[in-house]
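Written below as structure tokens is the structure these notes are about.
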Amino acid sequence: IDAYIRPFVGGIKLTALTAEHVEGMLQGLASKSSSTQKRAWSILTASLNQAVKRDYVRKNVAADVDPPAVRHAERPVLTAAQARDLLGELKAAHDWLLPVYVLALHNGLREGEILGLRWSDVDFEEGMITVTGTLDRTDRVRVAPKTAKSRRTLKITTEVVGILQEQQLRQNLEETQGSDGFVFTSDQGTPICDSTVRRHFRNISHRLGLPALHFHDLRHTYAVLAREAGVPLEEISWNLGHASIRITADVYGWTSEAARNSTASDAIALVLSS
């Protein structure tokens, strides 16, 4: 209040306060973040609501001013061409971490969800995977999903099914399955460290001249490409495991609309096919 509200309207009598004064406050906060502007507007609006209830004023003038929209910075992502180049390089090299990248780009899984995936979560016959847990970064143990919506079943394409079957075959041949049934394991059969994946992504990104992104940004890449391919926001939200579709809309609602005639997995497969 002292930093963002009082300097602009603190010297004005309550009964003399107008919507123009509130707009002036927001203009004065133009150099601040949009979330700071909205928080100041919300506090002032709530305070004036109380003033109306106590008959100090007849009207809440702040309610006549549209609240500032909170602007979400566009997430750093790969373009469709860059994503295709990345997957193409991994496929050509028969890279052992190809399935990790595929699940991030084709299905939008979180890094921990990918590394915590078990073979019992994969239904090859139906072409489905079910997210039932995530790998804790610190203790490297499998824990429950972060929210109820994070526990979800997703369609995977025949290409992804084939890549996961190859991964299972590789594990069997190299005898690195481990006792816990993880899809992705080290040479000792233990879960892969997230640092291994991140280092691998950093190295291949540098080699291909890709932007310096984090591995988690591949999940954002999935969401943006799916949105631009016309996949309904509701389906993207479900696939990402967001607790609310509002979260998805706030972050990815800025991307373009297109005809909504395919599922997310099919649309992404089309975009990422070379």
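For the structure tokens, the naming scheme is as follows: chains receive sequential letters (A, B, ...) according to their order of presentation, residues are indexed from 1 within each chain, and ligands are indexed from 1 in presentation order.
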Go through stretch 105-158 of chain A and flag each residue having an atom no more than 8 Å from stretch 218-234 of chain A; for those, report the closest pair of atoms plus their distance in Å to one decimal, using only C-alpha atoms, ordered by chain and rising number, as JSON lines.
{"residue": "A:Leu105", "atom": "CA", "partner": "A:Tyr222", "partner_atom": "CA", "distance": 5.0}
{"residue": "A:His106", "atom": "CA", "partner": "A:Tyr222", "partner_atom": "CA", "distance": 6.4}
{"residue": "A:Asn107", "atom": "CA", "partner": "A:Tyr222", "partner_atom": "CA", "distance": 6.9}
{"residue": "A:Gly108", "atom": "CA", "partner": "A:Arg219", "partner_atom": "CA", "distance": 4.5}
{"residue": "A:Leu109", "atom": "CA", "partner": "A:Arg219", "partner_atom": "CA", "distance": 6.3}
{"residue": "A:Arg110", "atom": "CA", "partner": "A:Arg219", "partner_atom": "CA", "distance": 6.6}
Got time to write the residues from that selection, N, CA, C and O atoms, as a PDB file, in the first residue's frame?
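And here's selection12.pdb as it stands now:
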ATOM      1  N   LEU A 105       8.380 -34.076 -26.359  1.00  0.00           N
ATOM      2  CA  LEU A 105       7.910 -33.300 -27.504  1.00  0.00           C
ATOM      3  C   LEU A 105       6.587 -33.796 -28.077  1.00  0.00           C
ATOM      4  O   LEU A 105       5.783 -33.011 -28.576  1.00  0.00           O
ATOM      5  N   HIS A 106       6.337 -35.094 -28.006  1.00  0.00           N
ATOM      6  CA  HIS A 106       5.101 -35.656 -28.563  1.00  0.00           C
ATOM      7  C   HIS A 106       3.947 -35.632 -27.573  1.00  0.00           C
ATOM      8  O   HIS A 106       2.781 -35.578 -27.978  1.00  0.00           O
ATOM      9  N   ASN A 107       4.255 -35.689 -26.276  1.00  0.00           N
ATOM     10  CA  ASN A 107       3.180 -35.800 -25.289  1.00  0.00           C
ATOM     11  C   ASN A 107       3.236 -34.769 -24.176  1.00  0.00           C
ATOM     12  O   ASN A 107       2.322 -34.712 -23.351  1.00  0.00           O
ATOM     13  N   GLY A 108       4.291 -33.966 -24.117  1.00  0.00           N
ATOM     14  CA  GLY A 108       4.348 -32.889 -23.143  1.00  0.00           C
ATOM     15  C   GLY A 108       4.575 -33.339 -21.716  1.00  0.00           C
ATOM     16  O   GLY A 108       4.226 -32.612 -20.777  1.00  0.00           O
ATOM     17  N   LEU A 109       5.173 -34.507 -21.512  1.00  0.00           N
ATOM     18  CA  LEU A 109       5.408 -34.968 -20.157  1.00  0.00           C
ATOM     19  C   LEU A 109       6.497 -34.149 -19.468  1.00  0.00           C
ATOM     20  O   LEU A 109       7.423 -33.642 -20.114  1.00  0.00           O
ATOM     21  N   ARG A 110       6.367 -34.016 -18.156  1.00  0.00           N
ATOM     22  CA  ARG A 110       7.410 -33.382 -17.358  1.00  0.00           C
ATOM     23  C   ARG A 110       8.619 -34.311 -17.290  1.00  0.00           C
ATOM     24  O   ARG A 110       8.499 -35.527 -17.401  1.00  0.00           O
TER      25      ARG A 110
END
Contact residues around A:Asp180 with only C-alpha atoms at 12 Å, ignoring same-chain residues under 6 positions, as JSON, numbers by chain: {"A": [116, 117, 118, 119, 120, 141, 142, 189, 190, 191]}
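You can rank A:Glu235, A:Asp123, A:Asp2, A:Asp217 by their closest distance to A:Tyr101 using only C-alpha atoms, and at the top of that list sits A:Asp217.
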Strand (DSSP E) per DSSP on the backbone: members of stretch 73-257 of chain A, as a list in words: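 These are the residues in question: Val122, Asp123, Met128, Ile129, Thr130, Val131, Thr134, Leu135, Arg142, Val143, Arg152, Thr153, Leu154 and Lys155 of chain A.
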Option closest in space to A:Val61, from A:Lys155, A:Lys146, A:Arg207, A:His21 [counting only C-alpha atoms]: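 Checking each candidate against A:Val61, we get A:His21 as the closest.
Using only C-alpha atoms, the smallest distance between any of A:Ala16, A:Val22, A:Leu154, A:Leu86 and A:Leu272 comes from A:Leu86.
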Residues flagged alpha helix (DSSP H) by DSSP in stretch 54-228 of chain A, as a ChimeraX atom specification: /A:80-92,98-107,111-115,158-174,194-208,217-228
Contacts of stretch 241-251 of chain A within 7 Å, only C-alpha atoms, excl. fewer than 2 positions in-chain, as an MDAnalysis selection string: chainID A and resid 72 147 149:150 152 234 237:239 253
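Remark: for A:Asn60, the closest of the candidate residues A:Leu115, A:Leu169, A:Ala83, A:Ala19 is A:Ala19 (distances computed over only C-alpha atoms).
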Interatomic distance, atom CA of A:Gly127 to atom CA of A:Asp95 (Å, one decimal): 22.7 Å
Separation of atom CA of A:Lys53 from atom CA of A:Lys13 in Å: 17.4 Å
